[in-house]
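For reference, protein_28.txt (compact mmCIF, C-alpha atoms and all ligand atoms):
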# COMPACT_ATOMS: atom_id res chain seq x y z
CA MET A 320 -170.04 41.02 -7.22
CA ASN A 321 -168.66 39.39 -10.38
CA ILE A 322 -167.42 35.80 -10.25
CA THR A 323 -165.91 33.60 -12.95
CA LYS A 324 -163.50 30.79 -13.75
CA CYS A 325 -160.06 31.13 -15.30
CA ILE A 326 -156.75 29.33 -15.69
CA ASP A 327 -153.97 30.75 -13.49
CA SER A 328 -150.25 31.03 -14.33
CA ALA A 329 -149.66 27.53 -12.89
CA GLY A 330 -152.22 26.13 -15.34
CA GLN A 331 -154.79 25.52 -12.60
CA THR A 332 -158.51 26.12 -13.09
CA ARG A 333 -159.59 28.71 -10.50
CA VAL A 334 -162.81 30.32 -9.35
CA ALA A 335 -162.11 34.04 -9.13
CA LEU A 336 -163.76 37.34 -8.30
CA VAL A 337 -163.37 40.12 -10.85
CA GLU A 338 -162.39 43.32 -9.03
CA ASN A 339 -160.68 46.49 -10.26
CA ASP A 340 -159.33 45.03 -13.51
CA SER A 341 -157.96 42.00 -11.65
CA LEU A 342 -158.93 38.41 -11.09
CA VAL A 343 -158.84 37.44 -7.41
CA PRO A 344 -158.61 33.63 -7.13
CA LEU A 345 -160.66 32.20 -4.27
CA GLN A 346 -159.44 29.57 -1.82
CA MET A 347 -162.13 26.95 -2.20
CA THR A 348 -163.11 24.75 0.79
CA ALA A 349 -164.69 21.33 1.35
CA GLU A 350 -168.06 23.06 1.90
CA LEU A 351 -167.68 25.32 -1.13
CA PRO A 352 -165.46 23.38 -3.56
CA THR A 353 -166.82 24.77 -6.83
CA LEU A 354 -168.46 27.76 -8.46
CA SER A 355 -171.75 25.86 -8.66
CA ALA A 356 -171.58 25.18 -4.91
CA ILE A 357 -171.38 28.95 -4.36
CA LEU A 358 -174.38 29.45 -6.69
CA ALA A 359 -176.33 26.76 -4.80
CA ALA A 360 -175.67 28.34 -1.38
CA GLU A 361 -178.52 29.99 0.53
CA ASN A 362 -176.80 33.34 -0.06
CA PRO A 363 -174.26 33.11 -2.92
CA LEU A 364 -172.91 36.63 -2.30
CA ALA A 365 -172.16 35.82 1.36
CA ALA A 366 -170.76 32.40 0.39
CA ALA A 367 -168.30 33.93 -2.10
CA ASP A 368 -167.38 36.61 0.44
CA SER A 369 -166.63 34.00 3.10
CA LEU A 370 -163.77 32.44 1.09
CA GLY A 371 -160.09 33.34 1.44
CA ARG A 372 -158.44 35.12 -1.48
CA ASP A 373 -155.12 34.67 -3.26
CA GLN A 374 -153.08 37.53 -4.74
CA PRO A 375 -154.97 39.44 -7.49
CA ILE A 376 -153.84 38.79 -11.07
CA ALA A 377 -154.03 41.77 -13.43
CA ILE A 378 -156.39 41.18 -16.37
CA ASN A 379 -154.56 41.54 -19.70
CA ASP A 380 -154.62 40.14 -23.25
CA SER A 381 -153.22 36.80 -22.12
CA THR A 382 -155.82 36.22 -19.40
CA GLN A 383 -157.29 32.74 -19.91
CA TRP A 384 -161.00 33.11 -19.23
CA LEU A 385 -163.21 30.07 -18.85
CA PRO A 386 -167.00 30.03 -19.10
CA PRO A 387 -168.48 30.43 -15.60
CA ILE A 388 -170.15 26.99 -15.66
CA ASP A 389 -169.58 23.60 -14.01
CA GLN A 390 -172.08 20.76 -14.64
CA GLN A 391 -175.16 22.88 -15.27
CA GLU A 392 -177.27 22.46 -18.39
CA VAL A 393 -177.87 25.46 -20.64
CA TRP A 394 -181.48 26.03 -21.74
CA ALA A 395 -182.91 28.79 -23.89
CA ALA A 396 -186.23 30.50 -24.44
CA GLY A 397 -187.26 31.70 -27.88
CA VAL A 398 -189.52 34.20 -29.59
CA THR A 399 -189.70 36.32 -26.44
CA TYR A 400 -189.29 39.63 -28.37
CA LYS A 401 -191.33 40.89 -31.33
CA ARG A 402 -188.13 41.13 -33.42
CA SER A 403 -187.45 37.41 -33.04
CA GLN A 404 -191.03 36.59 -34.05
CA THR A 405 -190.90 38.70 -37.24
CA ALA A 406 -187.40 37.57 -38.23
CA ARG A 407 -188.38 33.93 -37.89
CA MET A 408 -191.59 34.39 -39.84
CA GLU A 409 -189.48 35.86 -42.69
CA GLU A 410 -187.02 32.97 -42.39
CA SER A 411 -189.63 30.30 -43.07
CA GLU A 412 -192.92 31.01 -44.81
CA ALA A 413 -194.06 27.42 -44.24
CA ALA A 414 -193.52 27.64 -40.47
CA ALA A 415 -194.50 31.30 -39.97
CA SER A 416 -197.64 30.46 -38.00
CA CYS A 417 -195.61 28.43 -35.44
CA TYR A 418 -193.65 31.53 -34.45
CA ASP A 419 -196.73 33.75 -34.52
CA GLN A 420 -198.60 31.34 -32.25
CA VAL A 421 -195.79 30.79 -29.78
CA TYR A 422 -195.21 34.55 -29.36
CA ASN A 423 -198.82 34.89 -28.17
CA ALA A 424 -199.27 31.54 -26.40
CA ASP A 425 -199.29 31.03 -22.66
CA ARG A 426 -196.57 28.34 -22.93
CA PRO A 427 -193.24 29.82 -24.10
CA GLU A 428 -190.78 28.16 -26.44
CA ILE A 429 -188.04 26.61 -24.27
CA PHE A 430 -185.37 24.37 -25.72
CA PHE A 431 -182.22 22.58 -24.60
CA LYS A 432 -179.26 24.65 -25.80
CA ALA A 433 -175.98 23.12 -24.63
CA THR A 434 -174.03 20.89 -22.32
CA PRO A 435 -171.08 22.62 -20.56
CA SER A 436 -168.61 21.06 -23.04
CA ARG A 437 -170.26 23.01 -25.89
CA VAL A 438 -169.96 26.37 -24.10
CA SER A 439 -167.22 28.94 -24.84
CA GLY A 440 -166.16 31.65 -22.41
CA HIS A 441 -164.85 35.16 -23.01
CA HIS A 442 -162.27 35.30 -25.83
CA GLN A 443 -162.79 31.63 -26.68
CA PRO A 444 -164.01 30.81 -30.21
CA LEU A 445 -167.65 30.29 -31.16
CA ARG A 446 -168.51 28.17 -34.17
CA ILE A 447 -170.52 28.29 -37.39
CA ARG A 448 -171.53 24.81 -38.54
CA THR A 449 -169.79 23.70 -41.75
CA ASP A 450 -173.17 22.71 -43.24
CA ALA A 451 -174.78 26.13 -42.63
CA LYS A 452 -174.63 29.23 -44.83
CA TRP A 453 -176.75 31.77 -42.92
CA ASN A 454 -175.70 32.30 -39.34
CA VAL A 455 -176.20 34.88 -36.62
CA PRO A 456 -175.23 35.43 -33.01
CA GLU A 457 -178.17 35.90 -30.64
CA PRO A 458 -177.31 38.22 -27.74
CA GLU A 459 -179.31 37.07 -24.73
CA ILE A 460 -179.68 38.08 -21.11
CA THR A 461 -178.91 34.82 -19.35
CA LEU A 462 -180.34 33.88 -15.98
CA VAL A 463 -178.12 31.95 -13.57
CA LEU A 464 -180.32 29.55 -11.63
CA SER A 465 -179.64 27.68 -8.40
CA PRO A 466 -180.82 24.04 -8.04
CA SER A 467 -184.04 25.40 -6.49
CA LEU A 468 -184.40 27.59 -9.62
CA LYS A 469 -183.80 30.84 -7.79
CA ILE A 470 -182.31 33.55 -10.05
CA VAL A 471 -178.99 34.20 -8.31
CA GLY A 472 -177.30 36.24 -11.01
CA LEU A 473 -177.03 37.24 -14.65
CA THR A 474 -174.48 36.58 -17.33
CA VAL A 475 -174.09 37.42 -21.01
CA GLY A 476 -175.21 34.72 -23.43
CA ASN A 477 -174.75 34.11 -27.14
CA ASP A 478 -177.23 31.60 -28.62
CA MET A 479 -175.44 30.98 -31.94
CA SER A 480 -178.01 30.04 -34.60
CA SER A 481 -178.00 28.66 -38.14
CA ARG A 482 -180.93 30.46 -39.76
CA ASP A 483 -180.93 28.42 -42.98
CA ILE A 484 -181.18 25.14 -41.06
CA GLU A 485 -183.98 26.36 -38.77
CA GLY A 486 -185.68 28.08 -41.74
CA GLU A 487 -185.71 24.89 -43.84
CA ASN A 488 -187.82 23.10 -41.24
CA PRO A 489 -188.53 24.04 -37.60
CA LEU A 490 -187.96 20.40 -36.63
CA TYR A 491 -184.29 21.06 -37.43
CA LEU A 492 -184.11 23.53 -34.51
CA PRO A 493 -181.88 21.28 -32.32
CA GLN A 494 -179.35 21.09 -35.19
CA ALA A 495 -179.53 24.84 -35.83
CA LYS A 496 -178.86 25.50 -32.16
CA CYS A 497 -176.80 22.72 -30.58
CA TYR A 498 -173.34 21.72 -31.83
CA ASP A 499 -169.68 22.21 -30.79
CA GLN A 500 -168.95 25.76 -29.50
CA CYS A 501 -172.57 26.83 -30.08
CA ALA A 502 -173.05 28.83 -26.88
CA GLY A 503 -171.14 31.73 -25.36
CA LEU A 504 -171.38 32.53 -21.63
CA GLY A 505 -169.41 35.05 -19.62
CA PRO A 506 -167.11 36.79 -19.01
CA TRP A 507 -168.49 36.34 -15.49
CA ILE A 508 -171.65 35.92 -13.47
CA THR A 509 -172.90 39.08 -11.78
CA LEU A 510 -174.35 37.83 -8.49
CA MET A 511 -177.34 39.80 -7.27
CA ASP A 512 -179.85 39.66 -4.41
CA GLU A 513 -182.41 41.39 -6.57
CA LEU A 514 -182.62 41.93 -10.34
CA PRO A 515 -182.40 45.53 -11.62
CA SER A 516 -185.41 47.05 -13.41
CA VAL A 517 -185.94 45.73 -16.94
CA ASP A 518 -185.03 49.13 -18.48
CA ALA A 519 -181.62 48.93 -16.84
CA ILE A 520 -180.87 45.54 -18.38
CA THR A 521 -179.77 46.74 -21.81
CA VAL A 522 -178.41 44.46 -24.54
CA ASP A 523 -175.97 45.68 -27.18
CA LEU A 524 -174.60 43.64 -30.08
CA LYS A 525 -171.57 44.79 -32.08
CA ILE A 526 -170.03 42.66 -34.81
CA VAL A 527 -166.54 43.59 -35.96
CA ARG A 528 -165.19 42.43 -39.35
CA ASP A 529 -161.65 43.30 -40.48
CA GLY A 530 -161.50 45.99 -37.78
CA ASN A 531 -164.80 47.65 -38.82
CA VAL A 532 -168.10 47.52 -36.96
CA VAL A 533 -170.47 45.90 -39.48
CA PHE A 534 -173.45 45.54 -37.16
CA ASP A 535 -174.45 47.57 -34.09
CA GLN A 536 -177.84 47.46 -32.42
CA ALA A 537 -179.25 47.68 -28.91
CA THR A 538 -182.41 46.77 -27.04
CA SER A 539 -183.42 46.15 -23.43
CA ALA A 540 -185.33 43.63 -21.36
CA ALA A 541 -188.21 46.13 -21.29
CA GLU A 542 -188.97 44.97 -24.88
CA MET A 543 -189.48 41.38 -23.74
CA ALA A 544 -192.96 39.93 -24.08
CA ARG A 545 -192.37 37.59 -21.10
CA LYS A 546 -191.17 37.89 -17.53
CA PHE A 547 -187.96 36.19 -16.37
CA GLU A 548 -189.78 34.50 -13.47
CA ASP A 549 -192.43 33.16 -15.83
CA LEU A 550 -189.78 31.57 -18.10
CA VAL A 551 -188.09 29.98 -15.06
CA GLN A 552 -191.41 28.60 -13.86
CA TRP A 553 -192.03 26.93 -17.26
CA LEU A 554 -188.48 25.57 -17.37
CA GLY A 555 -188.92 23.94 -13.97
CA ARG A 556 -192.16 22.11 -14.73
CA ASP A 557 -191.44 18.42 -14.11
CA ASN A 558 -187.80 19.22 -14.88
CA THR A 559 -185.22 18.95 -12.08
CA MET A 560 -181.97 20.92 -12.35
CA ALA A 561 -179.88 19.15 -9.71
CA ASP A 562 -176.81 21.29 -10.51
CA GLY A 563 -178.69 24.51 -11.25
CA ALA A 564 -178.98 25.82 -14.82
CA PHE A 565 -178.44 28.72 -17.20
CA LEU A 566 -181.47 30.05 -19.04
CA MET A 567 -180.92 32.25 -22.09
CA THR A 568 -184.01 34.44 -22.33
CA GLY A 569 -184.29 34.99 -26.09
CA THR A 570 -182.98 37.54 -28.54
CA GLY A 571 -184.43 40.97 -29.23
CA ILE A 572 -181.83 41.64 -31.92
CA VAL A 573 -181.74 39.78 -35.25
CA PRO A 574 -179.78 41.30 -38.15
CA THR A 575 -181.68 41.82 -41.41
CA SER A 576 -181.93 38.80 -43.73
CA ASP A 577 -178.98 39.88 -45.93
CA PHE A 578 -176.53 39.52 -43.02
CA THR A 579 -174.58 36.41 -42.11
CA LEU A 580 -171.68 35.93 -39.73
CA LEU A 581 -168.32 35.04 -41.30
CA PRO A 582 -165.26 33.26 -39.89
CA ASP A 583 -162.98 35.71 -38.03
CA ASP A 584 -165.83 38.10 -37.20
CA VAL A 585 -165.64 39.22 -33.57
CA VAL A 586 -168.97 39.29 -31.74
CA ASN A 587 -169.22 41.64 -28.75
CA ILE A 588 -172.31 41.46 -26.57
CA THR A 589 -172.77 43.90 -23.70
CA ILE A 590 -175.44 43.54 -21.06
CA GLY A 591 -175.93 46.65 -18.93
CA GLY A 592 -174.96 46.05 -15.32
CA VAL A 593 -173.12 42.84 -16.23
CA GLY A 594 -170.32 43.18 -18.83
CA THR A 595 -169.14 42.44 -22.35
CA LEU A 596 -168.65 38.97 -23.81
CA SER A 597 -166.36 38.88 -26.84
CA ASN A 598 -165.80 35.89 -29.12
CA ARG A 599 -164.12 35.27 -32.46
CA ILE A 600 -166.08 33.15 -34.92
CA VAL A 601 -164.61 30.01 -36.46
CA GLN A 602 -165.85 27.50 -39.02
CA GLY A 603 -164.36 24.19 -40.06
CA ALA A 604 -161.01 22.95 -38.80
CA ALA A 605 -159.77 26.17 -37.14
CA SER A 606 -160.57 26.39 -33.43
O1 LIG B 1 -187.68 29.61 -32.49
C1 LIG B 1 -186.51 29.48 -32.57
C2 LIG B 1 -185.49 29.98 -31.66
C3 LIG B 1 -185.78 31.32 -31.09
C4 LIG B 1 -184.66 31.92 -30.34
O2 LIG B 1 -183.63 31.34 -30.12
C5 LIG B 1 -184.80 33.31 -29.86
O3 LIG B 1 -185.83 33.96 -30.07
O4 LIG B 1 -183.85 33.80 -29.24
MG MG B 2 -182.12 32.59 -29.09
Now, as a test, write the supplied structure out as structure tokens.
Amino acid sequence: MNITKCIDSAGQTRVALVENDSLVPLQMTAELPTLSAILAAENPLAAADSLGRDQPIAINDSTQWLPPIDQQEVWAAGVTYKRSQTARMEESEAAASCYDQVYNADRPEIFFKATPSRVSGHHQPLRIRTDAKWNVPEPEITLVLSPSLKIVGLTVGNDMSSRDIEGENPLYLPQAKCYDQCAGLGPWITLMDELPSVDAITVDLKIVRDGNVVFDQATSAAEMARKFEDLVQWLGRDNTMADGAFLMTGTGIVPTSDFTLLPDDVVNITIGGVGTLSNRIVQGAAS
């Protein structure tokens, strides 16, 4: 079952199921007033199924998607794939050993990525900082966590990153990672009782510039050096997520060092079994 948020023709924010190329707005109740209340339920699939439905709305180019998030924080894990380790060691000679060590350490790298106000949904813009010159999208399988840190679903994540800022000094990581429109989530959450096998969770990144695909690469969760449950366990150490959370699980795809994103590029990230998140890139005043 796929569930998201959108704006309907009356301008109202709605929680909706995505079924057969349509959005089916749900009739929320006092017990289940929000998407995060559904995600916090004992059985989110049954909770979503229990709600009344309004008339389906056909999905088309004018559909106004919203990121499928309420008050949850967005966290991210890093250097969970060999490719991220090597790319980061190339990025900063001075800090190379940090990335080497964290790839092999028991404790993973986990950082705060975004508040909900910094998150863009499907077809909403994602941003390059004006003070950055070397930028990439990071396509990441994103775990949807209930307040008890149960993995209740998956979504597609884009951990936008300024490589020159992080490369100058690893202590600049929060600035390389967290700013307006720095995180993409969506188009929906795929609710699941049980996660598919890691081979089935494929990740594909396509970047389109002036109508041409200028970058196209794929990987899968089978390449990850860490287990999802292990990352969640580290995230939850002395760290309460009263509203639940999103956890981006790290990138296995980093373009070669000569590549940077440009304004008006369109970034398409597909996660097998979930869907495709598509965002146009902006920089400066345009939004
Ligand atoms: O170490 C810096 C960030 C790593 C990251 O975001 C990733 O590997 O996806
Ligand atoms: Mg990342």
Between A:Ala396, A:Cys325, A:Val343, A:Leu364, which residue has the minimum interatomic distance to A:Ile376, considering only C-alpha atoms?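 Once distances to A:Ile376 are computed over only C-alpha atoms, the minimum belongs to A:Val343.
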Expected answer as a CSV table (one decimal) with C-alpha atoms, in the frame of the given file: residues within 8 Å of ligand LIG 1 (chain B), only C-alpha atoms and all ligand atoms:
chain,number,residue,atom,x,y,z
A,395,ALA,CA,-182.9,28.8,-23.9
A,396,ALA,CA,-186.2,30.5,-24.4
A,397,GLY,CA,-187.3,31.7,-27.9
A,398,VAL,CA,-189.5,34.2,-29.6
A,399,THR,CA,-189.7,36.3,-26.4
A,400,TYR,CA,-189.3,39.6,-28.4
A,403,SER,CA,-187.4,37.4,-33.0
A,404,GLN,CA,-191.0,36.6,-34.0
A,407,ARG,CA,-188.4,33.9,-37.9
A,418,TYR,CA,-193.6,31.5,-34.4
A,428,GLU,CA,-190.8,28.2,-26.4
A,457,GLU,CA,-178.2,35.9,-30.6
A,459,GLU,CA,-179.3,37.1,-24.7
A,478,ASP,CA,-177.2,31.6,-28.6
A,480,SER,CA,-178.0,30.0,-34.6
A,485,GLU,CA,-184.0,26.4,-38.8
A,489,PRO,CA,-188.5,24.0,-37.6
A,492,LEU,CA,-184.1,23.5,-34.5
A,496,LYS,CA,-178.9,25.5,-32.2
A,567,MET,CA,-180.9,32.2,-22.1
A,568,THR,CA,-184.0,34.4,-22.3
A,569,GLY,CA,-184.3,35.0,-26.1
A,570,THR,CA,-183.0,37.5,-28.5
A,571,GLY,CA,-184.4,41.0,-29.2
Polymer residues at most 7 Å from A:Thr509, all atoms listed in the file, same-chain spacing of 2 or more positions, as a VMD selection string: chain A and resid 320 to 322 472 to 474 507 511 593
As a PyMOL selection string, please: the residues near A:Asp425 (cut-off 10 Å, all atoms listed in the file, same-chain neighbours under 2 positions excluded). chain A and resi 420-423+427-428+545+549+553
Within 12 Å of stretch 528-535 of chain A, which residues of stretch 400-494 of chain A show up? Give each one with its shortest atom-to-atom distance in Å (one decimal) and the two atoms involved, counting all atoms listed in the file, rows by chain then rising residue number, as a Markdown table.
| residue | atom | partner | partner_atom | distance |
| --- | --- | --- | --- | --- |
| A:Val455 | CA | A:Phe534 | CA | 11.0 |
| A:Pro456 | CA | A:Phe534 | CA | 11.1 |
| A:Pro458 | CA | A:Asp535 | CA | 11.7 |
Let me see the file: selected residues, C-alpha atoms, as a PDB file, in the frame of the given file.
ATOM      1  CA  VAL A 455    -176.200  34.880 -36.620  1.00  0.00           C
ATOM      2  CA  PRO A 456    -175.230  35.430 -33.010  1.00  0.00           C
ATOM      3  CA  PRO A 458    -177.310  38.220 -27.740  1.00  0.00           C
TER       4      PRO A 458
END
Atom CA of A:Arg448 to atom CA of A:Ser481, distance in Å rounded to a single decimal: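 Atom-to-atom, atom CA of A:Arg448 and atom CA of A:Ser481 are spaced 7.5 Å apart.
Nearest-residue note for ligand MG 2 (chain B): choosing from A:Ala561, A:Ala544, A:Val463, A:Ile429, the minimum distance belongs to A:Ile429, counting all atoms listed in the file.
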Edge lengths and centre in Å to one decimal, as lines of an AutoDock Vina configuration file, of the axis-aligned box that encloses all listed atoms of stretch 473-491 of chain A with 6 Å added on every side?
center_x = -181.3
center_y = 28.9
center_z = -29.2
size_x = 26.4
size_y = 29.0
size_z = 41.2
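When only C-alpha atoms and all ligand atoms are used to compute distances to ligand MG 2 (chain B), the closest of the residues A:Ile600, A:Asn477, A:Val585, A:Lys546 turns out to be A:Asn477.
When only C-alpha atoms are used to compute distances to A:Ala377, the closest of the residues A:Gln391, A:Leu596, A:Lys401, A:Asp340 turns out to be A:Asp340.
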